[in-house]
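Beneath this line is the structure, given in structure tokens, with notes to follow.
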Amino acid sequence: MAQLSDDCFAFGGPMMSVDEAVGLITTRVNAIADLETVRLVNADGRVLARDVAAPLPLPPFTNSAVDGYAVRNADLPDAAEQALPLDGRIQAGGLAQAPIKPGHTARIFTGAPMPPGAETVFMQEDVGIDDSGKIVLPPGLKPGANVRPAGEDIPEGQIALRAGQRLLPQHVALAAAFGLVRLDVVRRIRVAVFSTGDELASPGEPRAASQLFDSNRFMLIAMLRRLGCEVSDLGIFRDERTSLANGLKQVAGRHDLILTTGGVSTGEEDHVKAAVESIGSLVLWRMAIKPGRPVAMGIIDGTPLIGLPGNPVASFVTFVHVVRPTVLALAGGLPEPLTPIPVRAAFAYKKKAGRREYVRVSLRRAQDGGLEAIKFPREGAGLLSSLVETDGLVELRESITGVEPGHSVGFLSYADLL
Ligand code: AMP
Ligand code: MG
């Protein structure tokens with residue numbers, strides 16, 4: 001399990017910027033060192049534990065990129081077309097029996113190894129066949145055209161996959177192209193998740209008139225699973241300090257991270273703070289981010305705890321900026337900075353300087369083909385519909401004081417955040 005010092009999350013300033021928060025997390029959270037070996041079919045989404053050097057060049061042998069006719073460069077027609085007799089036929093998976101004879105051409109198919117001596121391939125669409133069955137080659141083809149040299153993709157020995165890479169399907173494909181059967185990955189990060197609040201009922205249980213169903217826990221569990229975590233669902237803790245403290249004590253040490261939602265403001269009924277302080281240490285990070293509120297960061301028996309706000313949208317946004325980098329840091333993953341893409345704002349918005357704000361938007365294709373961001377009409381941090389009915393978040397950085405229609409703004413798709 002991760003062993004962090006009690007003051008690991010201490011921060012000097014009154015307000016923490018998003019970049020400071022991510023910086024603190026990435027420098028202070030220790031990566032767990034436990035590895036496991038997984039078969040390639042199970043490697044998607046896992047964090048690679050060791051660099052992978054190419055055990056063979058890709059492609060492994062020089063081959064034709066097209067269906068056509070292979071020739072020696074010395075036989076390429078100069079100015080006029082040239083008819084050459086056929087010498088051999090090589091299919092994908094086959095091998096030429098002998099080097100190509102000077103003054104001849106060989107029938108070859110995509111992916112077939114080049115016959116020794118042949119250096120260039122004419123596409124079959126570009127040649128003709130004369131009455132004697134010779135292949136008529138046009139002039140002007142570049143030497144080496146339509147050939148894929150061995151190692152042009154990746155030379156043998158090159159580091160092709162880096163330790164810390166969160167594996168996507170294309171990384172798995174590369175490992176397969178090397179003929180690897182298994183990969184060493186970091187074991188899954190174990191996260192205990194619970195919600196807090198007397199007003200919460202679990203779906204499937206009776207709901208009192210003053211209660212609402214707990215939605216955050218299901219959102220957070222889904223988000224954690226997408227990050228490759230193994231999640232323990234601890235249900236709902238009531239707003240009561242002692243039972244909260246006892247529950248926390250039990251899960252610390254058996255997980256790499258404890259994630260809670262709700263109860264981290266400074267009201268009398270926000271008991272997470274007091275409960276954590278009674279058995280560990282806790283600081284409230286006042287982050288300069290909207291939506292969001294204080295995020296609680298703590299340590300119980302060396303296990304980090306993150307307390308997210310209860311409002312669903314605040315919980316979602318702070319997850320992206322605090323939990324995601326923490327999970328990646330615990331897994332020793334390479335940083336995955338978010339890259340907003342420019343779109344045109346179709347809305348006006350006023351904003352305070354010095355704070356990062358996220359606006360929920362839908363994308364629309366404008367008449368001129370450009371992408372426009374339409375702001376969700378309401379702003380409450382409790383509106384789940386605002387996350388469901390939009391495509392992503394417009395990121396308004398600290399220096400921005402407002403947006404006018406037509407301004408270029410940075411858009412983060414939900415698909416990139418999850
Ligand atoms: P809190 O952060 O506990 O003060 O909660 C802020 C708001 O979020 C309140 O309106 C809560 O009812 C709501 N809330 C808290 N936890 C959840 C949850 N797990 N699911 C949905 N809403 C919640
Ligand atoms: Mg509460």
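FYI, nothing fancy with the structure tokens labels: chains A, B, ... in order, residues from 1 per chain, ligands from 1 as they appear.
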How close does chain A get to ligand 2? List, as JSON lines, each residue of chain A within 7 Å, its nearest atom pair and the distance in Å to one decimal, counting only C-alpha atoms and all ligand atoms.
{"residue": "A:Thr196", "atom": "CA", "partner": "ligand 2", "partner_atom_place_in_ligand_line": "1 (Mg)", "distance": 6.1}
{"residue": "A:Gly197", "atom": "CA", "partner": "ligand 2", "partner_atom_place_in_ligand_line": "1 (Mg)", "distance": 4.5}
{"residue": "A:Gly262", "atom": "CA", "partner": "ligand 2", "partner_atom_place_in_ligand_line": "1 (Mg)", "distance": 4.8}
{"residue": "A:Gly263", "atom": "CA", "partner": "ligand 2", "partner_atom_place_in_ligand_line": "1 (Mg)", "distance": 4.1}
{"residue": "A:Glu269", "atom": "CA", "partner": "ligand 2", "partner_atom_place_in_ligand_line": "1 (Mg)", "distance": 6.6}
{"residue": "A:Asp270", "atom": "CA", "partner": "ligand 2", "partner_atom_place_in_ligand_line": "1 (Mg)", "distance": 5.8}
{"residue": "A:Gly310", "atom": "CA", "partner": "ligand 2", "partner_atom_place_in_ligand_line": "1 (Mg)", "distance": 6.5}
Find the spatial neighbours of region 119-123 of chain A, counting only C-alpha atoms, within a cut-off of 7 Å - ignore same-chain residues fewer than 5 positions away - and output them as number ranges by chain.
-> A: 64, 66-73, 143-147
Any idea what's packed within 8 Å of region 182-189 of chain A, counting only C-alpha atoms, ignoring anything in its chain fewer than 6 positions away? Could you give it as an NGL selection string?
-> :A and (32-40 or 43 or 46-50 or 228-230 or 255-257 or 327 or 330-332)
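Proximity to ligand 1 was assessed for A:Val323, A:Leu334, A:Ala329, A:Val313 counting only C-alpha atoms and all ligand atoms; the smallest distance is recorded for A:Val313.
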Backbone DSSP call of helix (DSSP H, G or I) for region 66-297 of chain A, listed as an NGL selection string | :A and (73-75 or 124-126 or 169-177 or 216-226 or 241-251 or 272-279)
Ligand 1 neighbours within 7 Å using only C-alpha atoms and all ligand atoms, as a short mmCIF file (atom, residue, chain, number, x, y, z; two decimals) with all heavy atoms, in the first residue's frame:
data_model
loop_
_atom_site.label_atom_id
_atom_site.label_comp_id
_atom_site.auth_asym_id
_atom_site.auth_seq_id
_atom_site.Cartn_x
_atom_site.Cartn_y
_atom_site.Cartn_z
N SER A 195 -19.97 7.42 0.18
CA SER A 195 -20.65 8.71 0.23
C SER A 195 -20.98 9.00 1.68
O SER A 195 -21.08 8.08 2.50
CB SER A 195 -21.97 8.65 -0.54
OG SER A 195 -21.73 8.28 -1.87
N THR A 196 -21.15 10.28 1.99
CA THR A 196 -21.58 10.63 3.35
C THR A 196 -22.81 11.51 3.26
O THR A 196 -22.92 12.34 2.36
CB THR A 196 -20.50 11.42 4.12
OG1 THR A 196 -20.43 12.74 3.56
CG2 THR A 196 -19.16 10.74 4.04
N GLY A 197 -23.72 11.32 4.18
CA GLY A 197 -24.87 12.21 4.26
C GLY A 197 -26.11 11.49 4.75
O GLY A 197 -26.45 10.42 4.24
N GLU A 199 -28.93 12.52 4.23
CA GLU A 199 -29.99 12.72 3.23
C GLU A 199 -29.91 11.72 2.09
O GLU A 199 -30.69 11.77 1.16
CB GLU A 199 -29.92 14.16 2.68
CG GLU A 199 -28.86 14.42 1.61
CD GLU A 199 -27.45 14.66 2.15
OE1 GLU A 199 -27.10 14.08 3.19
OE2 GLU A 199 -26.69 15.40 1.49
N LEU A 200 -28.95 10.80 2.14
CA LEU A 200 -28.76 9.89 1.01
C LEU A 200 -29.36 8.51 1.25
O LEU A 200 -29.28 7.98 2.35
CB LEU A 200 -27.26 9.71 0.73
CG LEU A 200 -26.48 10.98 0.39
CD1 LEU A 200 -25.00 10.64 0.24
CD2 LEU A 200 -27.01 11.66 -0.86
N PHE A 213 -31.54 9.86 -3.77
CA PHE A 213 -30.69 8.70 -4.02
C PHE A 213 -29.25 9.16 -4.27
O PHE A 213 -29.01 10.16 -4.93
CB PHE A 213 -31.21 7.89 -5.22
CG PHE A 213 -32.46 7.11 -4.90
CD1 PHE A 213 -33.64 7.35 -5.59
CD2 PHE A 213 -32.45 6.14 -3.90
CE1 PHE A 213 -34.78 6.63 -5.30
CE2 PHE A 213 -33.60 5.41 -3.59
CZ PHE A 213 -34.77 5.67 -4.30
N ASP A 214 -28.34 8.38 -3.72
CA ASP A 214 -26.91 8.64 -3.86
C ASP A 214 -26.50 8.41 -5.32
O ASP A 214 -26.57 7.30 -5.82
CB ASP A 214 -26.18 7.64 -2.94
CG ASP A 214 -24.67 7.70 -3.07
OD1 ASP A 214 -24.17 8.56 -3.82
OD2 ASP A 214 -24.00 6.91 -2.38
N SER A 215 -26.11 9.47 -5.99
CA SER A 215 -25.66 9.31 -7.39
C SER A 215 -24.15 9.41 -7.51
O SER A 215 -23.54 8.76 -8.35
CB SER A 215 -26.33 10.34 -8.29
OG SER A 215 -26.11 11.65 -7.80
N ASN A 216 -23.53 10.21 -6.65
CA ASN A 216 -22.08 10.44 -6.81
C ASN A 216 -21.27 9.16 -6.72
O ASN A 216 -20.30 8.98 -7.45
CB ASN A 216 -21.56 11.37 -5.70
CG ASN A 216 -22.00 12.78 -5.91
OD1 ASN A 216 -22.61 13.10 -6.92
ND2 ASN A 216 -21.69 13.65 -4.95
N ARG A 217 -21.66 8.29 -5.79
CA ARG A 217 -20.86 7.08 -5.58
C ARG A 217 -20.79 6.27 -6.87
O ARG A 217 -19.74 5.74 -7.23
CB ARG A 217 -21.48 6.26 -4.44
CG ARG A 217 -20.68 5.05 -4.01
CD ARG A 217 -21.09 4.63 -2.60
NE ARG A 217 -22.52 4.66 -2.40
CZ ARG A 217 -23.34 3.60 -2.47
NH1 ARG A 217 -22.86 2.42 -2.75
NH2 ARG A 217 -24.64 3.75 -2.27
N THR A 261 -17.29 11.33 -0.86
CA THR A 261 -17.99 12.48 -1.44
C THR A 261 -18.99 13.02 -0.43
O THR A 261 -19.64 12.24 0.27
CB THR A 261 -18.66 12.14 -2.79
OG1 THR A 261 -19.62 13.16 -3.11
CG2 THR A 261 -19.39 10.82 -2.74
N GLY A 262 -19.05 14.34 -0.33
CA GLY A 262 -19.95 15.01 0.61
C GLY A 262 -19.27 15.22 1.96
O GLY A 262 -18.27 14.59 2.30
N GLY A 263 -19.84 16.19 2.70
CA GLY A 263 -19.40 16.38 4.09
C GLY A 263 -18.02 16.98 4.26
O GLY A 263 -17.43 16.84 5.34
N VAL A 264 -17.49 17.65 3.24
CA VAL A 264 -16.15 18.23 3.42
C VAL A 264 -16.16 19.76 3.46
O VAL A 264 -15.11 20.37 3.43
CB VAL A 264 -15.14 17.77 2.34
CG1 VAL A 264 -14.86 16.29 2.48
CG2 VAL A 264 -15.62 18.11 0.96
N SER A 265 -17.35 20.35 3.57
CA SER A 265 -17.36 21.81 3.74
C SER A 265 -17.08 22.08 5.21
O SER A 265 -16.64 21.21 5.94
CB SER A 265 -18.71 22.38 3.34
OG SER A 265 -18.99 21.97 2.04
N ASP A 270 -20.79 18.67 8.52
CA ASP A 270 -19.76 18.13 7.63
C ASP A 270 -18.73 17.41 8.49
O ASP A 270 -17.81 18.03 9.02
CB ASP A 270 -19.13 19.25 6.79
CG ASP A 270 -20.13 19.81 5.79
OD1 ASP A 270 -20.81 19.00 5.14
OD2 ASP A 270 -20.24 21.04 5.69
N PRO A 309 -16.38 17.27 -2.89
CA PRO A 309 -17.63 17.92 -2.53
C PRO A 309 -18.84 17.06 -2.91
O PRO A 309 -18.73 16.16 -3.75
CB PRO A 309 -17.63 19.22 -3.32
CG PRO A 309 -16.44 19.22 -4.19
CD PRO A 309 -15.60 18.02 -3.90
N GLY A 310 -19.99 17.35 -2.29
CA GLY A 310 -21.18 16.54 -2.51
C GLY A 310 -21.94 16.90 -3.77
O GLY A 310 -22.59 16.03 -4.38
N ASN A 311 -21.87 18.13 -4.18
CA ASN A 311 -22.62 18.51 -5.38
C ASN A 311 -22.06 17.76 -6.58
O ASN A 311 -20.85 17.77 -6.83
CB ASN A 311 -22.50 20.02 -5.63
CG ASN A 311 -23.59 20.77 -4.90
OD1 ASN A 311 -24.77 20.38 -4.95
ND2 ASN A 311 -23.21 21.82 -4.18
N PRO A 312 -22.94 17.08 -7.33
CA PRO A 312 -22.44 16.19 -8.39
C PRO A 312 -21.50 16.85 -9.39
O PRO A 312 -20.48 16.24 -9.76
CB PRO A 312 -23.73 15.72 -9.07
CG PRO A 312 -24.77 15.78 -7.99
CD PRO A 312 -24.39 16.95 -7.13
N GLY A 382 -25.50 21.32 -8.75
CA GLY A 382 -26.23 20.12 -8.39
C GLY A 382 -26.98 19.51 -9.57
O GLY A 382 -27.65 18.48 -9.42
#
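For the pair CA of Val231 (chain A) and CA of Phe9 (chain A), the separation is 22.8 Å.
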For CA of Leu24 (chain A) and CA of Trp285 (chain A), quote the distance in Å rounded to one decimal.
-> 11.2 Å
Within 10 Å of Phe319 (chain A), counting only C-alpha atoms, which residues show up once you throw out same-chain ones fewer than 2 positions away? Write them as a ChimeraX atom specification, please.
-> /A:220,223-224,259,292,295,306-309,313-317,321-326,417-418
Minimum-distance residue to Gly128 (chain A), chosen among A:Glu81, A:Pro335, A:Gly45, A:Pro294 (using only C-alpha atoms) = A:Glu81
Would you please work out which residue, of A:Val18, A:Leu137, A:Val52, A:Leu84, is nearest to Glu125 (chain A) when using only C-alpha atoms?
-> A:Leu137
May I ask which of the residues A:Pro14, A:Gly94, A:Pro155, A:Gly103 is the closest one to Ala54 (chain A), counting only C-alpha atoms?
-> A:Pro155
Excluding same-chain residues fewer than 4 positions from region 387-404 of chain A, what lies within 6 Å of it counting only C-alpha atoms, as a PyMOL selection string?
-> chain A and resi 348-362+410-414
Take the residues from that selection and write them out as a PDB file, in the first residue's frame, keeping N, CA, C and O atoms.
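The result, stored in part02.pdb:
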ATOM      1  N   ALA A 348     -21.924  34.293 -23.990  1.00  0.00           N
ATOM      2  CA  ALA A 348     -21.168  35.314 -23.245  1.00  0.00           C
ATOM      3  C   ALA A 348     -21.064  34.829 -21.805  1.00  0.00           C
ATOM      4  O   ALA A 348     -21.956  34.139 -21.307  1.00  0.00           O
ATOM      5  N   TYR A 349     -19.972  35.167 -21.145  1.00  0.00           N
ATOM      6  CA  TYR A 349     -19.759  34.653 -19.793  1.00  0.00           C
ATOM      7  C   TYR A 349     -18.837  35.611 -19.054  1.00  0.00           C
ATOM      8  O   TYR A 349     -17.822  36.056 -19.591  1.00  0.00           O
ATOM      9  N   LYS A 350     -19.235  35.942 -17.814  1.00  0.00           N
ATOM     10  CA  LYS A 350     -18.364  36.794 -17.002  1.00  0.00           C
ATOM     11  C   LYS A 350     -17.648  35.913 -15.982  1.00  0.00           C
ATOM     12  O   LYS A 350     -18.239  34.979 -15.439  1.00  0.00           O
ATOM     13  N   LYS A 351     -16.420  36.273 -15.702  1.00  0.00           N
ATOM     14  CA  LYS A 351     -15.629  35.402 -14.833  1.00  0.00           C
ATOM     15  C   LYS A 351     -14.636  36.219 -14.031  1.00  0.00           C
ATOM     16  O   LYS A 351     -14.145  37.248 -14.488  1.00  0.00           O
ATOM     17  N   LYS A 352     -14.344  35.722 -12.807  1.00  0.00           N
ATOM     18  CA  LYS A 352     -13.322  36.375 -11.978  1.00  0.00           C
ATOM     19  C   LYS A 352     -11.935  35.938 -12.428  1.00  0.00           C
ATOM     20  O   LYS A 352     -11.717  34.759 -12.687  1.00  0.00           O
ATOM     21  N   ALA A 353     -11.005  36.900 -12.479  1.00  0.00           N
ATOM     22  CA  ALA A 353      -9.616  36.519 -12.767  1.00  0.00           C
ATOM     23  C   ALA A 353      -9.070  35.745 -11.564  1.00  0.00           C
ATOM     24  O   ALA A 353      -9.558  35.887 -10.449  1.00  0.00           O
ATOM     25  N   GLY A 354      -8.082  34.919 -11.806  1.00  0.00           N
ATOM     26  CA  GLY A 354      -7.415  34.212 -10.700  1.00  0.00           C
ATOM     27  C   GLY A 354      -8.054  32.886 -10.366  1.00  0.00           C
ATOM     28  O   GLY A 354      -7.580  32.183  -9.476  1.00  0.00           O
ATOM     29  N   ARG A 355      -9.126  32.556 -11.042  1.00  0.00           N
ATOM     30  CA  ARG A 355      -9.806  31.290 -10.759  1.00  0.00           C
ATOM     31  C   ARG A 355     -10.022  30.539 -12.065  1.00  0.00           C
ATOM     32  O   ARG A 355     -10.269  31.144 -13.103  1.00  0.00           O
ATOM     33  N   ARG A 356      -9.922  29.224 -12.012  1.00  0.00           N
ATOM     34  CA  ARG A 356     -10.175  28.391 -13.186  1.00  0.00           C
ATOM     35  C   ARG A 356     -11.656  28.033 -13.193  1.00  0.00           C
ATOM     36  O   ARG A 356     -12.190  27.595 -12.174  1.00  0.00           O
ATOM     37  N   GLU A 357     -12.320  28.227 -14.318  1.00  0.00           N
ATOM     38  CA  GLU A 357     -13.742  27.862 -14.363  1.00  0.00           C
ATOM     39  C   GLU A 357     -14.023  26.902 -15.512  1.00  0.00           C
ATOM     40  O   GLU A 357     -13.375  26.954 -16.557  1.00  0.00           O
ATOM     41  N   TYR A 358     -14.984  26.038 -15.261  1.00  0.00           N
ATOM     42  CA  TYR A 358     -15.387  25.057 -16.269  1.00  0.00           C
ATOM     43  C   TYR A 358     -16.860  25.250 -16.600  1.00  0.00           C
ATOM     44  O   TYR A 358     -17.704  25.246 -15.710  1.00  0.00           O
ATOM     45  N   VAL A 359     -17.153  25.446 -17.865  1.00  0.00           N
ATOM     46  CA  VAL A 359     -18.516  25.702 -18.326  1.00  0.00           C
ATOM     47  C   VAL A 359     -18.987  24.484 -19.107  1.00  0.00           C
ATOM     48  O   VAL A 359     -18.292  24.006 -20.000  1.00  0.00           O
ATOM     49  N   ARG A 360     -20.149  23.970 -18.720  1.00  0.00           N
ATOM     50  CA  ARG A 360     -20.681  22.796 -19.411  1.00  0.00           C
ATOM     51  C   ARG A 360     -21.284  23.222 -20.752  1.00  0.00           C
ATOM     52  O   ARG A 360     -22.124  24.122 -20.784  1.00  0.00           O
ATOM     53  N   VAL A 361     -20.825  22.583 -21.823  1.00  0.00           N
ATOM     54  CA  VAL A 361     -21.266  22.999 -23.170  1.00  0.00           C
ATOM     55  C   VAL A 361     -21.582  21.800 -24.063  1.00  0.00           C
ATOM     56  O   VAL A 361     -21.084  20.704 -23.856  1.00  0.00           O
ATOM     57  N   SER A 362     -22.424  22.088 -25.052  1.00  0.00           N
ATOM     58  CA  SER A 362     -22.653  21.138 -26.144  1.00  0.00           C
ATOM     59  C   SER A 362     -21.969  21.702 -27.379  1.00  0.00           C
ATOM     60  O   SER A 362     -21.834  22.918 -27.506  1.00  0.00           O
ATOM     61  N   GLY A 410     -11.134  26.929 -25.069  1.00  0.00           N
ATOM     62  CA  GLY A 410     -10.613  25.551 -25.058  1.00  0.00           C
ATOM     63  C   GLY A 410     -11.677  24.575 -24.580  1.00  0.00           C
ATOM     64  O   GLY A 410     -12.271  24.752 -23.527  1.00  0.00           O
ATOM     65  N   PHE A 411     -11.899  23.520 -25.371  1.00  0.00           N
ATOM     66  CA  PHE A 411     -12.949  22.537 -25.068  1.00  0.00           C
ATOM     67  C   PHE A 411     -12.315  21.204 -24.683  1.00  0.00           C
ATOM     68  O   PHE A 411     -11.405  20.707 -25.352  1.00  0.00           O
ATOM     69  N   LEU A 412     -12.817  20.641 -23.595  1.00  0.00           N
ATOM     70  CA  LEU A 412     -12.396  19.299 -23.167  1.00  0.00           C
ATOM     71  C   LEU A 412     -13.599  18.379 -23.284  1.00  0.00           C
ATOM     72  O   LEU A 412     -14.613  18.584 -22.611  1.00  0.00           O
ATOM     73  N   SER A 413     -13.482  17.377 -24.121  1.00  0.00           N
ATOM     74  CA  SER A 413     -14.593  16.445 -24.284  1.00  0.00           C
ATOM     75  C   SER A 413     -14.659  15.522 -23.068  1.00  0.00           C
ATOM     76  O   SER A 413     -13.627  15.147 -22.503  1.00  0.00           O
ATOM     77  N   TYR A 414     -15.864  15.125 -22.670  1.00  0.00           N
ATOM     78  CA  TYR A 414     -15.979  14.148 -21.574  1.00  0.00           C
ATOM     79  C   TYR A 414     -15.189  12.890 -21.903  1.00  0.00           C
ATOM     80  O   TYR A 414     -14.616  12.263 -21.013  1.00  0.00           O
TER      81      TYR A 414
END
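If only C-alpha atoms are the atoms counted, then among A:Asp19, A:Asp239, A:Phe194, A:Gln165 the closest residue to Glu268 (chain A) is A:Asp239.
Taking CA of Asp233 (chain A) and CA of Ile221 (chain A) as endpoints, the distance between them is 7.7 Å.
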Quick one: DSSP strand (DSSP E or B) residues in region 147-279 of chain A, as a VMD selection string?
-> chain A and resid 147 to 148 154 159 to 161 166 182 to 186 190 to 196 200 to 201 212 to 213 230 to 237 257 to 261
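Considering the residues A:Leu56, A:Asp153, A:Gly406, A:Thr260 and counting only C-alpha atoms, Phe178 (chain A) has its shortest atom-to-atom contact with A:Leu56.
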